[in-house]
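Below: model_4.csv (CSV, N, CA and C atoms)
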chain,number,residue,atom,x,y,z
A,4,MET,N,2.7,-3.9,-36.9
A,4,MET,CA,2.9,-4.4,-35.6
A,4,MET,C,3.2,-3.2,-34.6
A,5,LYS,N,2.5,-3.2,-33.5
A,5,LYS,CA,2.6,-2.2,-32.5
A,5,LYS,C,3.7,-2.6,-31.5
A,6,PHE,N,4.5,-1.7,-31.1
A,6,PHE,CA,5.5,-1.9,-30.1
A,6,PHE,C,5.4,-0.9,-29.0
A,7,PRO,N,4.9,-1.3,-27.8
A,7,PRO,CA,4.5,-0.3,-26.8
A,7,PRO,C,5.7,0.6,-26.3
A,8,LEU,N,6.9,0.1,-26.4
A,8,LEU,CA,8.0,0.9,-25.9
A,8,LEU,C,8.3,2.1,-26.8
A,9,LEU,N,7.9,2.0,-28.1
A,9,LEU,CA,8.1,3.2,-29.0
A,9,LEU,C,7.2,4.3,-28.7
A,10,GLY,N,6.0,4.0,-28.2
A,10,GLY,CA,5.0,5.0,-27.8
A,10,GLY,C,5.1,5.3,-26.3
A,11,LEU,N,6.3,5.3,-25.7
A,11,LEU,CA,6.4,5.4,-24.3
A,11,LEU,C,5.8,6.6,-23.6
A,12,PHE,N,6.0,7.8,-24.3
A,12,PHE,CA,5.5,9.0,-23.7
A,12,PHE,C,4.2,9.5,-24.3
A,13,HIS,N,3.6,8.6,-25.1
A,13,HIS,CA,2.3,9.0,-25.7
A,13,HIS,C,1.2,8.7,-24.7
A,14,GLY,N,0.4,9.7,-24.4
A,14,GLY,CA,-0.8,9.6,-23.5
A,14,GLY,C,-0.3,9.7,-22.1
A,15,ASN,N,-1.3,9.4,-21.2
A,15,ASN,CA,-1.0,9.5,-19.8
A,15,ASN,C,-0.9,8.2,-19.1
A,16,ARG,N,-0.6,7.2,-19.8
A,16,ARG,CA,-0.5,5.8,-19.2
A,16,ARG,C,0.9,5.5,-18.6
A,17,HIS,N,1.9,6.4,-18.9
A,17,HIS,CA,3.2,6.1,-18.3
A,17,HIS,C,3.7,7.2,-17.4
A,18,GLN,N,4.3,6.7,-16.3
A,18,GLN,CA,4.9,7.7,-15.3
A,18,GLN,C,6.3,7.3,-15.2
A,19,VAL,N,7.2,8.2,-15.4
A,19,VAL,CA,8.7,8.0,-15.2
A,19,VAL,C,9.2,8.9,-14.1
A,20,GLY,N,9.9,8.3,-13.2
A,20,GLY,CA,10.4,9.1,-12.1
A,20,GLY,C,11.7,8.6,-11.6
A,21,ALA,N,12.4,9.4,-10.8
A,21,ALA,CA,13.7,9.0,-10.2
A,21,ALA,C,13.4,8.1,-9.0
A,22,LEU,N,14.3,7.2,-8.8
A,22,LEU,CA,14.2,6.3,-7.6
A,22,LEU,C,15.5,6.6,-6.7
A,23,LEU,N,15.3,7.4,-5.7
A,23,LEU,CA,16.4,7.8,-4.8
A,23,LEU,C,16.0,7.4,-3.4
A,24,MET,N,16.9,6.5,-2.9
A,24,MET,CA,16.6,5.9,-1.6
A,24,MET,C,17.9,5.9,-0.7
A,25,MET,N,17.7,6.2,0.5
A,25,MET,CA,18.8,6.0,1.5
A,25,MET,C,18.9,4.6,2.0
A,26,ARG,N,20.0,4.2,2.6
A,26,ARG,CA,20.2,2.9,3.1
A,26,ARG,C,19.2,2.6,4.1
A,27,GLY,N,18.5,1.4,4.0
A,27,GLY,CA,17.5,1.0,4.9
A,27,GLY,C,16.1,1.5,4.6
A,28,GLU,N,15.9,2.4,3.6
A,28,GLU,CA,14.6,2.9,3.3
A,28,GLU,C,13.8,1.9,2.5
A,29,THR,N,12.5,1.9,2.7
A,29,THR,CA,11.7,0.9,1.9
A,29,THR,C,10.7,1.7,1.1
A,30,PHE,N,10.2,1.1,0.0
A,30,PHE,CA,9.3,1.6,-0.9
A,30,PHE,C,8.3,0.5,-1.3
A,31,ILE,N,7.0,0.7,-1.2
A,31,ILE,CA,6.1,-0.3,-1.6
A,31,ILE,C,5.4,0.1,-2.8
A,32,GLU,N,5.5,-0.7,-3.9
A,32,GLU,CA,4.9,-0.4,-5.2
A,32,GLU,C,3.7,-1.4,-5.4
A,33,THR,N,2.5,-0.9,-5.7
A,33,THR,CA,1.4,-1.8,-5.9
A,33,THR,C,1.1,-1.8,-7.4
A,34,ILE,N,1.2,-3.0,-8.0
A,34,ILE,CA,0.9,-3.1,-9.4
A,34,ILE,C,-0.6,-3.5,-9.6
A,35,GLU,N,-1.3,-2.8,-10.4
A,35,GLU,CA,-2.7,-3.1,-10.7
A,35,GLU,C,-2.8,-4.1,-11.8
A,36,ASP,N,-3.9,-4.7,-12.1
A,36,ASP,CA,-4.2,-5.6,-13.2
A,36,ASP,C,-3.8,-4.9,-14.5
A,37,ASP,N,-3.2,-5.6,-15.4
A,37,ASP,CA,-2.8,-5.1,-16.7
A,37,ASP,C,-1.9,-3.9,-16.7
A,38,ALA,N,-1.1,-3.8,-15.6
A,38,ALA,CA,-0.1,-2.8,-15.5
A,38,ALA,C,1.3,-3.4,-15.3
A,39,LEU,N,2.3,-2.6,-15.4
A,39,LEU,CA,3.7,-3.1,-15.1
A,39,LEU,C,4.6,-2.0,-14.6
A,40,ALA,N,5.6,-2.4,-13.9
A,40,ALA,CA,6.6,-1.4,-13.5
A,40,ALA,C,8.0,-1.9,-13.9
A,41,ILE,N,8.8,-1.0,-14.2
A,41,ILE,CA,10.2,-1.3,-14.6
A,41,ILE,C,11.1,-0.5,-13.7
A,42,LEU,N,12.1,-1.1,-13.0
A,42,LEU,CA,13.0,-0.5,-12.2
A,42,LEU,C,14.4,-0.7,-12.8
A,43,VAL,N,15.2,0.4,-12.9
A,43,VAL,CA,16.6,0.3,-13.3
A,43,VAL,C,17.5,1.0,-12.3
A,44,ILE,N,18.4,0.2,-11.7
A,44,ILE,CA,19.3,0.8,-10.6
A,44,ILE,C,20.6,1.2,-11.3
A,45,PHE,N,21.0,2.4,-11.1
A,45,PHE,CA,22.3,2.9,-11.6
A,45,PHE,C,23.4,2.8,-10.5
A,46,LYS,N,23.1,3.0,-9.3
A,46,LYS,CA,24.0,3.0,-8.2
A,46,LYS,C,23.4,2.4,-6.9
A,47,GLY,N,24.1,1.6,-6.2
A,47,GLY,CA,23.6,1.0,-5.0
A,47,GLY,C,23.1,-0.4,-5.2
A,48,SER,N,22.4,-0.9,-4.2
A,48,SER,CA,21.8,-2.2,-4.3
A,48,SER,C,20.5,-2.3,-3.5
A,49,VAL,N,19.6,-3.0,-4.1
A,49,VAL,CA,18.2,-3.1,-3.5
A,49,VAL,C,17.8,-4.6,-3.5
A,50,THR,N,16.8,-4.9,-2.7
A,50,THR,CA,16.2,-6.2,-2.7
A,50,THR,C,14.7,-5.9,-3.0
A,51,ILE,N,14.2,-6.6,-3.9
A,51,ILE,CA,12.8,-6.5,-4.3
A,51,ILE,C,12.1,-7.8,-3.9
A,52,SER,N,11.0,-7.8,-3.1
A,52,SER,CA,10.4,-9.0,-2.7
A,52,SER,C,8.9,-8.8,-2.8
A,53,ARG,N,8.2,-9.9,-2.9
A,53,ARG,CA,6.7,-9.9,-3.0
A,53,ARG,C,6.2,-11.1,-2.2
A,54,GLN,N,5.2,-10.9,-1.4
A,54,GLN,CA,4.7,-12.0,-0.6
A,54,GLN,C,3.5,-12.6,-1.4
A,55,ARG,N,3.4,-13.9,-1.3
A,55,ARG,CA,2.3,-14.7,-1.7
A,55,ARG,C,1.3,-14.7,-0.6
A,56,GLN,N,0.1,-15.3,-0.8
A,56,GLN,CA,-0.8,-15.4,0.3
A,56,GLN,C,-0.2,-16.1,1.4
A,57,GLY,N,-0.4,-15.6,2.6
A,57,GLY,CA,0.2,-16.1,3.8
A,57,GLY,C,1.5,-15.4,4.0
A,58,ALA,N,2.5,-16.0,4.7
A,58,ALA,CA,3.7,-15.3,5.1
A,58,ALA,C,4.9,-15.7,4.2
A,59,GLN,N,4.7,-16.6,3.2
A,59,GLN,CA,5.7,-17.1,2.4
A,59,GLN,C,6.1,-16.0,1.3
A,60,VAL,N,7.4,-15.8,1.2
A,60,VAL,CA,7.9,-14.9,0.2
A,60,VAL,C,7.9,-15.5,-1.2
A,61,GLY,N,7.2,-14.9,-2.2
A,61,GLY,CA,7.1,-15.5,-3.5
A,61,GLY,C,8.1,-15.1,-4.5
A,62,LEU,N,8.7,-13.9,-4.2
A,62,LEU,CA,9.7,-13.4,-5.1
A,62,LEU,C,10.8,-12.6,-4.3
A,63,HIS,N,12.0,-12.9,-4.6
A,63,HIS,CA,13.1,-12.2,-3.9
A,63,HIS,C,14.2,-11.9,-5.0
A,64,VAL,N,14.4,-10.7,-5.4
A,64,VAL,CA,15.3,-10.3,-6.5
A,64,VAL,C,16.3,-9.3,-6.0
A,65,ASN,N,17.6,-9.5,-6.3
A,65,ASN,CA,18.6,-8.5,-6.1
A,65,ASN,C,19.1,-8.1,-7.5
A,66,PRO,N,18.6,-7.0,-8.1
A,66,PRO,CA,19.0,-6.6,-9.4
A,66,PRO,C,20.4,-6.1,-9.5
A,67,ARG,N,21.0,-6.4,-10.7
A,67,ARG,CA,22.3,-5.9,-11.0
A,67,ARG,C,22.2,-4.4,-11.5
A,68,ILE,N,23.3,-3.7,-11.4
A,68,ILE,CA,23.3,-2.3,-11.8
A,68,ILE,C,23.2,-2.3,-13.3
A,69,GLY,N,22.2,-1.4,-13.7
A,69,GLY,CA,22.0,-1.2,-15.2
A,69,GLY,C,21.1,-2.2,-15.8
A,70,GLU,N,20.6,-3.2,-15.1
A,70,GLU,CA,19.8,-4.3,-15.6
A,70,GLU,C,18.3,-4.0,-15.2
A,71,PRO,N,17.4,-3.9,-16.2
A,71,PRO,CA,16.0,-3.6,-15.8
A,71,PRO,C,15.3,-4.8,-15.2
A,72,VAL,N,14.5,-4.5,-14.2
A,72,VAL,CA,13.6,-5.5,-13.5
A,72,VAL,C,12.2,-5.1,-13.9
A,73,TRP,N,11.5,-6.1,-14.5
A,73,TRP,CA,10.1,-6.0,-14.9
A,73,TRP,C,9.2,-6.6,-13.9
A,74,LEU,N,8.4,-5.8,-13.3
A,74,LEU,CA,7.4,-6.3,-12.3
A,74,LEU,C,6.0,-6.3,-13.0
A,75,THR,N,5.5,-7.5,-13.3
A,75,THR,CA,4.4,-7.6,-14.2
A,75,THR,C,3.2,-8.2,-13.4
A,76,SER,N,3.4,-9.0,-12.4
A,76,SER,CA,2.2,-9.6,-11.7
A,76,SER,C,1.6,-8.6,-10.8
A,77,PRO,N,0.2,-8.6,-10.8
A,77,PRO,CA,-0.4,-7.6,-9.9
A,77,PRO,C,-0.2,-7.9,-8.4
A,78,GLY,N,-0.2,-6.8,-7.6
A,78,GLY,CA,0.0,-7.0,-6.2
A,78,GLY,C,1.1,-6.1,-5.7
A,79,PRO,N,1.3,-6.1,-4.4
A,79,PRO,CA,2.3,-5.2,-3.8
A,79,PRO,C,3.7,-5.8,-3.9
A,80,TYR,N,4.7,-4.9,-4.1
A,80,TYR,CA,6.1,-5.3,-4.1
A,80,TYR,C,6.8,-4.4,-3.1
A,81,CYS,N,7.8,-4.9,-2.4
A,81,CYS,CA,8.5,-4.1,-1.4
A,81,CYS,C,10.0,-4.0,-1.9
A,82,VAL,N,10.4,-2.8,-2.0
A,82,VAL,CA,11.8,-2.5,-2.5
A,82,VAL,C,12.5,-1.9,-1.2
A,83,VAL,N,13.6,-2.6,-0.9
A,83,VAL,CA,14.4,-2.2,0.3
A,83,VAL,C,15.8,-1.9,-0.2
A,84,ALA,N,16.3,-0.7,0.2
A,84,ALA,CA,17.7,-0.3,-0.2
A,84,ALA,C,18.7,-0.8,0.8
A,85,LYS,N,19.7,-1.5,0.3
A,85,LYS,CA,20.8,-2.0,1.1
A,85,LYS,C,21.9,-1.0,1.2
A,86,ASP,N,22.1,-0.2,0.2
A,86,ASP,CA,23.0,0.9,0.1
A,86,ASP,C,22.2,2.1,-0.4
A,87,PRO,N,22.8,3.3,-0.4
A,87,PRO,CA,22.1,4.5,-1.1
A,87,PRO,C,21.9,4.1,-2.5
A,88,VAL,N,20.7,4.4,-3.0
A,88,VAL,CA,20.3,4.0,-4.4
A,88,VAL,C,19.9,5.1,-5.2
A,89,VAL,N,20.4,5.1,-6.5
A,89,VAL,CA,20.0,6.0,-7.5
A,89,VAL,C,19.5,5.2,-8.7
A,90,GLY,N,18.3,5.4,-9.2
A,90,GLY,CA,17.7,4.7,-10.3
A,90,GLY,C,16.6,5.4,-10.9
A,91,VAL,N,15.9,4.6,-11.8
A,91,VAL,CA,14.7,5.1,-12.5
A,91,VAL,C,13.6,4.1,-12.3
A,92,ARG,N,12.4,4.6,-12.2
A,92,ARG,CA,11.2,3.8,-12.1
A,92,ARG,C,10.2,4.2,-13.1
A,93,MET,N,9.7,3.3,-13.9
A,93,MET,CA,8.6,3.6,-14.9
A,93,MET,C,7.4,2.7,-14.5
A,94,LEU,N,6.3,3.3,-14.5
A,94,LEU,CA,5.0,2.6,-14.2
A,94,LEU,C,4.1,2.8,-15.4
A,95,ARG,N,3.7,1.7,-16.0
A,95,ARG,CA,2.8,1.7,-17.1
A,95,ARG,C,1.4,1.3,-16.6
A,96,ALA,N,0.4,2.2,-16.7
A,96,ALA,CA,-0.9,1.8,-16.2
A,96,ALA,C,-1.6,1.0,-17.3
A,97,SER,N,-2.7,0.4,-16.9
A,97,SER,CA,-3.5,-0.4,-17.8
A,97,SER,C,-4.1,0.5,-18.9
A,98,SER,N,-4.5,-0.1,-20.0
A,98,SER,CA,-5.0,0.7,-21.1
A,98,SER,C,-6.5,1.0,-20.9
A,99,GLN,N,-7.2,0.2,-20.0
A,99,GLN,CA,-8.6,0.5,-19.7
A,99,GLN,C,-8.7,1.3,-18.5
A,100,PRO,N,-9.5,2.4,-18.5
A,100,PRO,CA,-9.7,3.2,-17.3
A,100,PRO,C,-10.4,2.4,-16.2
A,101,ARG,N,-10.0,2.7,-15.0
A,101,ARG,CA,-10.7,1.9,-13.9
A,101,ARG,C,-12.1,2.5,-13.6
A,102,GLU,N,-12.9,1.6,-13.0
A,102,GLU,CA,-14.3,2.0,-12.8
A,102,GLU,C,-14.4,3.2,-11.8
A,103,ASP,N,-13.5,3.2,-10.8
A,103,ASP,CA,-13.6,4.3,-9.8
A,103,ASP,C,-13.0,5.6,-10.2
A,104,ALA,N,-12.2,5.6,-11.4
A,104,ALA,CA,-11.6,6.8,-11.9
A,104,ALA,C,-12.5,7.7,-12.7
A,105,ARG,N,-13.6,7.1,-13.1
A,105,ARG,CA,-14.6,7.9,-13.9
A,105,ARG,C,-15.3,8.9,-13.2

Representation of the structure as structure tokens:
Amino acid sequence: MKFPLLGLFHGNRHQVGALLMMRGETFIETIEDDALAILVIFKGSVTISRQRQGAQVGLHVNPRIGEPVWLTSPGPYCVVAKDPVVGVRMLRASSQPREDAR
């Protein structure tokens, strides 16, 4: 049985970086098909939202400190810092190379 988190740093499919934001700063993350992003906040508070078609907000999350948030549905997500934020962001790309990347 394969467990993808055990092979986290194997290959070029994973990007891990710090999430440092000042109060009021926004960050837009676009998730591709067959990809996912994980955000873990260590200090501060953020709001993560995603619009559905039209102007209706389809997702509105206020993650707790130390609790991972898994963003799995394709499309853009908006992260807004309510306080100064320190956290970690991991992006896992799809296993198939995109057509335009060749």

Exercise for the section: Could you give me, as a VMD selection string, each residue of range 50-89 of chain A that DSSP assigns to strand (DSSP E or B) when run on this structure's backbone? Expected result: chain A and resid 50 to 54 60 to 64 72 to 74 78 to 84 88 to 89

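Closest approach to Ile51 in chain A from the set A:Leu23, A:Ala84, A:Leu39, A:Ser76 is made by A:Ala84, with distances taken over all atoms listed in the file.
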
(request) Give as a ChimeraX atom specification every residue, naming chains and numbers as the document does, that has an atom within 9 Å of (16.9, 7.0, 0.0), counting only C-alpha atoms. (result) /A:22-29,84,86-89

What's around range 43-49 of chain A at 7 Å? Count only N, CA and C atoms, leave out sequence neighbours fewer than 6 positions away in its own chain, and write the answer as a list in words.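 Within the cut-off, the hits are Val64, Asn65, Pro66, Arg67, Ile68, Gly69, Glu70, Pro71, Val72, Val82, Val83, Ala84, Lys85, Asp86, Pro87, Val88, Val89, Gly90, Val91, Arg92 and Met93 of chain A.
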
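The spacing separating CA of Trp73 in chain A from CA of Arg95 in chain A amounts to 10.8 Å.
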
- If you measure from atom N of His63 in chain A to atom N of His17 in chain A, what distance in Å do you get, rounded to one decimal?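 Those two atoms sit 26.1 Å apart.
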
In Å and to one decimal, atom C of Ala40 in chain A is distant from CA of Leu62 in chain A by 14.6 Å

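Nearest residue to Leu94 in chain A among A:Ile41, A:Glu32, A:Ser52, A:Pro77 is A:Ile41, counting all atoms listed in the file.
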
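Compared by their closest atoms to Leu42 in chain A, and using only C-alpha atoms, the residues A:Arg16, A:Leu74, A:Gln54, A:Phe30 rank with A:Leu74 nearest.
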
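Minimum distance to Asp37 in chain A across A:Arg53, A:Pro79, A:Gln18, A:Ala96 (counting only C-alpha atoms) occurs at A:Ala96.
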